[in-house]
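Below: model_15.json (JSON, C-alpha atoms and all ligand atoms)
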```json
[["chain", "number", "residue", "atom", "x", "y", "z"],
["Y", 5, "MET", "CA", 18.25, -19.36, 39.54],
["Y", 6, "TYR", "CA", 14.54, -18.57, 39.36],
["Y", 7, "LYS", "CA", 12.35, -18.31, 42.38],
["Y", 8, "LEU", "CA", 8.85, -19.78, 42.30],
["Y", 9, "THR", "CA", 7.27, -16.32, 42.40],
["Y", 10, "ASN", "CA", 9.29, -15.29, 39.35],
["Y", 11, "ILE", "CA", 8.10, -18.36, 37.48],
["Y", 12, "LEU", "CA", 4.47, -17.77, 38.45],
["Y", 13, "ASN", "CA", 4.76, -14.16, 37.38],
["Y", 14, "ALA", "CA", 6.21, -15.24, 34.06],
["Y", 15, "ILE", "CA", 3.30, -17.65, 33.52],
["Y", 16, "ASN", "CA", 0.82, -14.91, 34.47],
["Y", 17, "ASN", "CA", 2.39, -12.62, 31.92],
["Y", 18, "ILE", "CA", 1.72, -15.19, 29.22],
["Y", 19, "LEU", "CA", -1.80, -16.14, 30.27],
["Y", 20, "LEU", "CA", -3.20, -12.77, 31.23],
["Y", 21, "PRO", "CA", -4.22, -10.29, 28.55],
["Y", 22, "ARG", "CA", -1.73, -7.51, 28.03],
["Y", 23, "VAL", "CA", -2.87, -4.43, 29.89],
["Y", 24, "CYS", "CA", -1.57, -0.92, 30.34],
["Y", 25, "PHE", "CA", 0.51, -0.47, 33.51],
["Y", 26, "GLY", "CA", -0.95, 3.02, 33.85],
["Y", 27, "CYS", "CA", -4.71, 2.43, 33.55],
["Y", 28, "ASN", "CA", -5.28, -1.32, 33.03],
["Y", 29, "ALA", "CA", -6.83, -0.77, 29.59],
["Y", 30, "HIS", "CA", -6.20, -3.62, 27.16],
["Y", 31, "LEU", "CA", -3.24, -2.85, 24.97],
["Y", 32, "SER", "CA", -3.71, -2.72, 21.24],
["Y", 33, "ARG", "CA", -1.30, -4.22, 18.80],
["Y", 34, "GLY", "CA", 1.80, -2.03, 18.67],
["Y", 35, "GLU", "CA", 1.33, -0.73, 22.20],
["Y", 36, "GLU", "CA", 3.87, -1.90, 24.77],
["Y", 37, "HIS", "CA", 3.52, -1.47, 28.54],
["Y", 38, "LEU", "CA", 1.44, 1.72, 28.24],
["Y", 39, "CYS", "CA", -1.60, 2.59, 26.15],
["Y", 40, "THR", "CA", -1.26, 5.58, 23.85],
["Y", 41, "VAL", "CA", -3.28, 7.82, 26.20],
["Y", 42, "CYS", "CA", -1.05, 7.07, 29.22],
["Y", 43, "ARG", "CA", 2.07, 7.35, 27.11],
["Y", 44, "ASN", "CA", 1.04, 10.83, 25.98],
["Y", 45, "ASP", "CA", 0.24, 11.73, 29.59],
["Y", 46, "LEU", "CA", 3.70, 10.90, 30.92],
["Y", 47, "PRO", "CA", 5.16, 14.04, 32.50],
["Y", 48, "LEU", "CA", 8.55, 14.45, 30.84],
["Y", 49, "THR", "CA", 10.74, 16.93, 32.70],
["Y", 50, "GLU", "CA", 12.39, 18.10, 29.47],
["Y", 51, "TYR", "CA", 15.41, 18.99, 31.57],
["Y", 52, "ASN", "CA", 18.53, 18.36, 29.61],
["Y", 53, "PHE", "CA", 22.21, 18.23, 30.30],
["Y", 54, "ASN", "CA", 22.91, 21.71, 28.93],
["Y", 55, "ALA", "CA", 20.90, 24.27, 30.84],
["Y", 56, "GLU", "CA", 20.89, 24.42, 34.62],
["Y", 57, "ASN", "CA", 17.78, 22.75, 36.05],
["Y", 58, "PRO", "CA", 16.18, 22.00, 39.45],
["Y", 59, "ILE", "CA", 17.95, 18.62, 39.70],
["Y", 60, "ASP", "CA", 21.32, 20.37, 39.56],
["Y", 61, "ARG", "CA", 20.14, 22.51, 42.44],
["Y", 62, "ILE", "CA", 19.37, 19.43, 44.57],
["Y", 63, "PHE", "CA", 23.09, 18.71, 44.58],
["Y", 64, "PHE", "CA", 24.49, 22.24, 44.79],
["Y", 65, "GLY", "CA", 26.74, 22.60, 47.81],
["Y", 66, "ARG", "CA", 26.45, 18.90, 48.61],
["Y", 67, "ILE", "CA", 28.51, 17.07, 46.06],
["Y", 68, "ASP", "CA", 30.52, 17.94, 42.98],
["Y", 69, "VAL", "CA", 28.46, 16.38, 40.21],
["Y", 70, "LYS", "CA", 29.12, 17.81, 36.77],
["Y", 71, "LYS", "CA", 25.48, 17.77, 35.75],
["Y", 72, "ALA", "CA", 22.22, 16.25, 36.88],
["Y", 73, "SER", "CA", 18.94, 15.53, 35.15],
["Y", 74, "SER", "CA", 15.95, 13.21, 35.21],
["Y", 75, "PHE", "CA", 13.48, 11.85, 32.66],
["Y", 76, "LEU", "CA", 10.04, 12.07, 34.32],
["Y", 77, "TYR", "CA", 8.27, 13.71, 37.24],
["Y", 78, "PHE", "CA", 7.26, 11.30, 39.99],
["Y", 79, "ARG", "CA", 3.98, 12.04, 41.77],
["Y", 80, "GLU", "CA", 1.83, 9.94, 44.09],
["Y", 81, "ASN", "CA", -0.95, 7.95, 42.37],
["Y", 82, "SER", "CA", 0.42, 8.71, 38.93],
["Y", 83, "ILE", "CA", 1.18, 6.62, 35.88],
["Y", 84, "VAL", "CA", 4.89, 7.04, 36.65],
["Y", 85, "GLN", "CA", 4.42, 5.71, 40.17],
["Y", 86, "ARG", "CA", 2.53, 2.66, 38.86],
["Y", 87, "LEU", "CA", 5.19, 2.00, 36.22],
["Y", 88, "ILE", "CA", 8.00, 2.11, 38.78],
["Y", 89, "HIS", "CA", 6.01, 0.04, 41.24],
["Y", 90, "HIS", "CA", 5.62, -2.71, 38.64],
["Y", 91, "LEU", "CA", 9.28, -2.39, 37.71],
["Y", 92, "LYS", "CA", 10.43, -2.83, 41.30],
["Y", 93, "TYR", "CA", 7.86, -5.05, 42.96],
["Y", 94, "ARG", "CA", 5.98, -6.97, 40.26],
["Y", 95, "ASN", "CA", 8.81, -8.63, 38.39],
["Y", 96, "GLN", "CA", 8.60, -6.38, 35.33],
["Y", 97, "PRO", "CA", 12.26, -5.54, 34.60],
["Y", 98, "GLN", "CA", 11.44, -4.81, 30.95],
["Y", 99, "ILE", "CA", 9.87, -1.51, 32.06],
["Y", 100, "GLY", "CA", 13.44, -0.34, 32.67],
["Y", 101, "LYS", "CA", 14.32, -1.16, 29.09],
["Y", 102, "PHE", "CA", 11.19, 0.62, 27.85],
["Y", 103, "LEU", "CA", 12.06, 3.81, 29.76],
["Y", 104, "GLY", "CA", 15.75, 3.53, 28.85],
["Y", 105, "ASP", "CA", 15.02, 3.26, 25.14],
["Y", 106, "TRP", "CA", 12.78, 6.30, 25.30],
["Y", 107, "TYR", "CA", 15.07, 8.44, 27.44],
["Y", 108, "GLY", "CA", 18.13, 7.24, 25.53],
["Y", 109, "GLN", "CA", 16.66, 8.62, 22.32],
["Y", 110, "VAL", "CA", 15.87, 11.91, 24.06],
["Y", 111, "LEU", "CA", 19.47, 12.16, 25.27],
["Y", 112, "GLN", "CA", 20.78, 11.25, 21.85],
["Y", 113, "GLU", "CA", 18.82, 14.11, 20.27],
["Y", 114, "ASP", "CA", 19.93, 16.46, 23.05],
["Y", 115, "ASN", "CA", 23.43, 15.44, 22.03],
["Y", 116, "SER", "CA", 25.33, 16.98, 24.96],
["Y", 117, "LEU", "CA", 26.26, 13.62, 26.49],
["Y", 118, "VAL", "CA", 26.90, 11.52, 23.39],
["Y", 119, "GLU", "CA", 30.64, 10.83, 23.14],
["Y", 120, "THR", "CA", 31.09, 12.47, 26.56],
["Y", 121, "ILE", "CA", 30.09, 9.63, 28.86],
["Y", 122, "ASP", "CA", 32.48, 6.69, 29.05],
["Y", 123, "TYR", "CA", 30.60, 4.52, 31.51],
["Y", 124, "VAL", "CA", 27.04, 4.26, 32.80],
["Y", 125, "ILE", "CA", 26.73, 2.87, 36.34],
["Y", 126, "PRO", "CA", 23.40, 1.84, 37.87],
["Y", 127, "VAL", "CA", 23.06, 2.48, 41.60],
["Y", 128, "PRO", "CA", 23.69, -0.98, 43.05],
["Y", 129, "LEU", "CA", 21.43, -3.07, 45.26],
["Y", 130, "HIS", "CA", 22.75, -4.97, 48.23],
["Y", 131, "ARG", "CA", 23.24, -8.64, 47.28],
["Y", 132, "THR", "CA", 20.42, -9.73, 49.62],
["Y", 133, "LYS", "CA", 17.97, -7.35, 47.94],
["Y", 134, "LEU", "CA", 19.26, -8.41, 44.52],
["Y", 135, "ARG", "CA", 18.61, -12.05, 45.38],
["Y", 136, "GLN", "CA", 15.09, -11.26, 46.64],
["Y", 137, "ARG", "CA", 14.11, -9.20, 43.59],
["Y", 138, "GLY", "CA", 16.05, -11.24, 41.06],
["Y", 139, "TYR", "CA", 17.31, -8.18, 39.21],
["Y", 140, "ASN", "CA", 18.49, -4.63, 39.74],
["Y", 141, "GLN", "CA", 15.60, -2.51, 38.47],
["Y", 142, "VAL", "CA", 18.01, 0.10, 37.11],
["Y", 143, "SER", "CA", 20.20, -2.29, 35.09],
["Y", 144, "GLN", "CA", 18.24, -2.41, 31.85],
["Y", 145, "PHE", "CA", 17.59, 1.34, 31.99],
["Y", 146, "ALA", "CA", 21.35, 1.91, 32.38],
["Y", 147, "GLU", "CA", 22.16, -0.47, 29.54],
["Y", 148, "ARG", "CA", 19.82, 1.28, 27.13],
["Y", 149, "LEU", "CA", 21.14, 4.74, 28.04],
["Y", 150, "ALA", "CA", 24.69, 3.46, 27.49],
["Y", 151, "HIS", "CA", 23.67, 2.15, 24.08],
["Y", 152, "TYR", "CA", 22.37, 5.54, 22.92],
["Y", 153, "LEU", "CA", 25.28, 7.44, 24.48],
["Y", 154, "ARG", "CA", 27.81, 5.03, 22.92],
["Y", 155, "ALA", "CA", 29.14, 4.19, 26.36],
["Y", 156, "ASP", "CA", 29.55, 0.97, 28.34],
["Y", 157, "THR", "CA", 27.67, -0.15, 31.42],
["Y", 158, "ILE", "CA", 29.56, -1.23, 34.52],
["Y", 159, "GLU", "CA", 27.96, -3.18, 37.33],
["Y", 160, "ASN", "CA", 29.64, -4.82, 40.30],
["Y", 161, "LEU", "CA", 32.30, -2.17, 40.61],
["Y", 162, "LEU", "CA", 30.33, 0.04, 42.97],
["Y", 163, "LYS", "CA", 28.91, -2.19, 45.68],
["Y", 164, "LYS", "CA", 26.40, -1.68, 48.46],
["Y", 165, "THR", "CA", 27.67, -3.16, 51.69],
["Y", 166, "ALA", "CA", 24.63, -2.95, 53.95],
["Y", 167, "ASN", "CA", 21.02, -3.88, 53.25],
["Y", 168, "THR", "CA", 19.59, -0.62, 54.54],
["Y", 169, "LYS", "CA", 17.85, 2.39, 53.16],
["Y", 170, "THR", "CA", 19.93, 5.51, 52.90],
["Y", 171, "GLN", "CA", 19.28, 7.47, 56.07],
["Y", 172, "THR", "CA", 18.01, 10.95, 55.45],
["Y", 173, "LYS", "CA", 16.21, 11.85, 58.63],
["Y", 174, "LYS", "CA", 18.99, 11.90, 61.17],
["Y", 175, "GLY", "CA", 20.62, 15.19, 60.28],
["Y", 176, "ARG", "CA", 23.07, 14.76, 57.47],
["Y", 177, "ILE", "CA", 22.84, 11.65, 55.40],
["Y", 178, "GLY", "CA", 24.16, 8.49, 56.97],
["Y", 179, "ARG", "CA", 27.46, 7.99, 55.26],
["Y", 180, "SER", "CA", 28.17, 4.99, 57.35],
["Y", 181, "GLN", "CA", 26.43, 2.38, 59.37],
["Y", 182, "GLY", "CA", 28.66, 2.22, 62.39],
["Y", 183, "ASN", "CA", 32.11, 2.44, 60.92],
["Y", 184, "GLU", "CA", 31.38, 0.72, 57.65],
["Y", 185, "ALA", "CA", 30.91, 2.60, 54.39],
["Y", 186, "LEU", "CA", 27.52, 2.03, 52.76],
["Y", 187, "TYR", "CA", 29.02, 1.80, 49.28],
["Y", 188, "ILE", "CA", 32.48, 0.65, 48.32],
["Y", 189, "LEU", "CA", 34.49, 0.43, 45.11],
["Y", 190, "GLU", "CA", 35.87, -2.91, 44.02],
["Y", 191, "ASN", "CA", 38.35, -1.42, 41.62],
["Y", 192, "THR", "CA", 39.15, 2.15, 40.66],
["Y", 193, "THR", "CA", 41.73, 2.11, 37.85],
["Y", 194, "LEU", "CA", 39.16, 1.56, 35.10],
["Y", 195, "LEU", "CA", 37.34, 4.77, 36.04],
["Y", 196, "GLU", "CA", 40.33, 7.06, 36.49],
["Y", 197, "HIS", "CA", 39.94, 10.21, 34.37],
["Y", 198, "LYS", "CA", 36.64, 8.97, 32.96],
["Y", 199, "ASN", "CA", 33.20, 10.55, 32.64],
["Y", 200, "VAL", "CA", 30.66, 8.46, 34.46],
["Y", 201, "LEU", "CA", 26.86, 8.68, 34.38],
["Y", 202, "LEU", "CA", 25.34, 7.36, 37.60],
["Y", 203, "VAL", "CA", 21.69, 6.31, 37.24],
["Y", 204, "ASP", "CA", 18.91, 5.48, 39.69],
["Y", 205, "ASP", "CA", 15.16, 4.90, 39.56],
["Y", 206, "VAL", "CA", 13.77, 7.84, 41.56],
["Y", 207, "ILE", "CA", 15.55, 10.89, 42.97],
["Y", 208, "THR", "CA", 13.73, 12.05, 46.10],
["Y", 209, "THR", "CA", 16.10, 13.82, 48.47],
["Y", 210, "GLY", "CA", 19.16, 12.98, 46.40],
["Y", 211, "ALA", "CA", 20.75, 11.21, 49.38],
["Y", 212, "THR", "CA", 21.43, 7.93, 47.56],
["Y", 213, "MET", "CA", 22.95, 9.72, 44.57],
["Y", 214, "GLU", "CA", 24.99, 11.91, 46.89],
["Y", 215, "ILE", "CA", 26.53, 9.01, 48.77],
["Y", 216, "CYS", "CA", 27.20, 7.00, 45.59],
["Y", 217, "ALA", "CA", 28.72, 10.02, 43.85],
["Y", 218, "GLU", "CA", 30.83, 10.75, 46.89],
["Y", 219, "THR", "CA", 32.16, 7.20, 46.75],
["Y", 220, "LEU", "CA", 32.96, 7.48, 43.02],
["Y", 221, "LEU", "CA", 34.61, 10.88, 43.50],
["Y", 222, "GLN", "CA", 37.40, 9.20, 45.45],
["Y", 223, "ILE", "CA", 38.71, 8.07, 42.05],
["Y", 224, "PRO", "CA", 41.39, 10.38, 40.57],
["Y", 225, "GLY", "CA", 40.23, 12.54, 37.68],
["Y", 226, "ILE", "CA", 36.69, 11.13, 37.54],
["Y", 227, "SER", "CA", 33.73, 13.31, 36.50],
["Y", 228, "VAL", "CA", 30.31, 12.25, 37.71],
["Y", 229, "TYR", "CA", 26.98, 13.00, 35.99],
["Y", 230, "VAL", "CA", 23.71, 11.80, 37.47],
["Y", 231, "THR", "CA", 20.27, 11.02, 36.13],
["Y", 232, "SER", "CA", 17.20, 8.94, 36.97],
["Y", 233, "MET", "CA", 13.99, 7.59, 35.55],
["Y", 234, "ALA", "CA", 12.02, 10.05, 37.65],
["Y", 235, "VAL", "CA", 12.33, 12.82, 40.19],
["Y", 236, "VAL", "CA", 9.97, 13.92, 42.95],
["Y", 237, "PRO", "CA", 9.25, 17.56, 42.04],
["Y", 238, "LEU", "CA", 10.66, 20.04, 44.52],
["Y", 239, "ALA", "CA", 8.02, 21.78, 46.59],
["P", 301, "ZN", "ZN", -3.22, 3.46, 29.94]]
```

So, in terms of structure tokens, how does the structure I just supplied come out?
Amino acid sequence: MYKLTNILNAINNILLPRVCFGCNAHLSRGEEHLCTVCRNDLPLTEYNFNAENPIDRIFFGRIDVKKASSFLYFRENSIVQRLIHHLKYRNQPQIGKFLGDWYGQVLQEDNSLVETIDYVIPVPLHRTKLRQRGYNQVSQFAERLAHYLRADTIENLLKKTANTKTQTKKGRIGRSQGNEALYILENTTLLEHKNVLLVDDVITTGATMEICAETLLQIPGISVYVTSMAVVPLA
């Protein structure tokens, strides 16, 4: 079911000239989403899943994730911020595919996760948010990573039960709103003794990843890896 805004956005996309999400320059033939200059300016972390990196350290002592990484650095007023803004708020889900194809190839060359990961799971949206946005902005990214890692994507197994932001300010993260868990598992048998890659758009404090990973880690024998499109660099 399409909302009117989605339809208008789709029409705009056809009528308006194709411009770079980073700098608004007109795109040349062969350029998709970003002009060549912005593409070359994207700050790749070059963290991989072999060596220890700062993303691993975000989770040290908090949650038992096997390995963590991220594709890009996220800074205010940057190309990455504009890309993710369009992905989330301007009805441009194909940006997730674009980033997933790129990062997927990086991971494939890195080779440490190929044939290791069984399932890729995007961090879920609450159904109300999903209805408003029309898509989970991490879905296409997750699907493309799964393709390159020769894994499958699973949605709808991890579910968000409350339409709230993950609390980070009140002491420890809010694991529950009242007595209800923020995330629940619909079914666990499929993931028993599997290697799962949990993916999100931006890692800031790591609170969302932590609470999702904690939920998944209730499953016997599961190993959880985490990654994201971008990470806010640690100060
Ligand atoms: Zn540009």

Could you please determine the separation between CA of Arg86 in chain Y and CA of Cys216 in chain Y in Å, to one decimal place? 25.9 Å

How would you write, as a ChimeraX atom specification, the set of residues no farther than 6 Å from ligand ZN 301 (chain P) when counting all atoms listed in the file? /Y:24,26-27,29,38-39,41-42

Extract, using all atoms listed in the file, all DNA, RNA and protein residues at most 10 Å from range 122-124 of chain Y, discarding same-chain residues fewer than 2 positions from it, and format them as an NGL selection string. :Y and (117-120 or 126-127 or 143 or 145-151 or 153-159 or 194-195 or 197-203 or 228-230)

Test item: residues at most 10 Å from Arg66 in chain Y, only C-alpha atoms, excluding those fewer than 6 positions along its chain, as a count of residues only: 5

What is the distance between CA of Gln222 in chain Y and CA of Asp204 in chain Y, in Å to one decimal?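 Between CA of Gln222 in chain Y and CA of Asp204 in chain Y the gap works out to 19.7 Å.
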
Kindly give the distance, in Å, that separates CA of Leu238 in chain Y and CA of Ile59 in chain Y, rounded to a single decimal. 8.9 Å

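With distances restricted to all atoms listed in the file, Y:His37 is the closest residue to Gly100 in chain Y from Y:His37, Y:Lys7, Y:Arg135, Y:Lys169.
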
Given the choices Y:Thr209, Y:Asn52, Y:Ser32, Y:Thr219, which gets closest to Asp114 in chain Y if the distance is worked out from only C-alpha atoms?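 Closest residue, counting only C-alpha atoms: Y:Asn52.
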
Nearest to Arg61 in chain Y by atom-to-atom distance, counting all atoms listed in the file, from Y:Arg131, Y:Ser73, Y:Val142, Y:Arg94: Y:Ser73
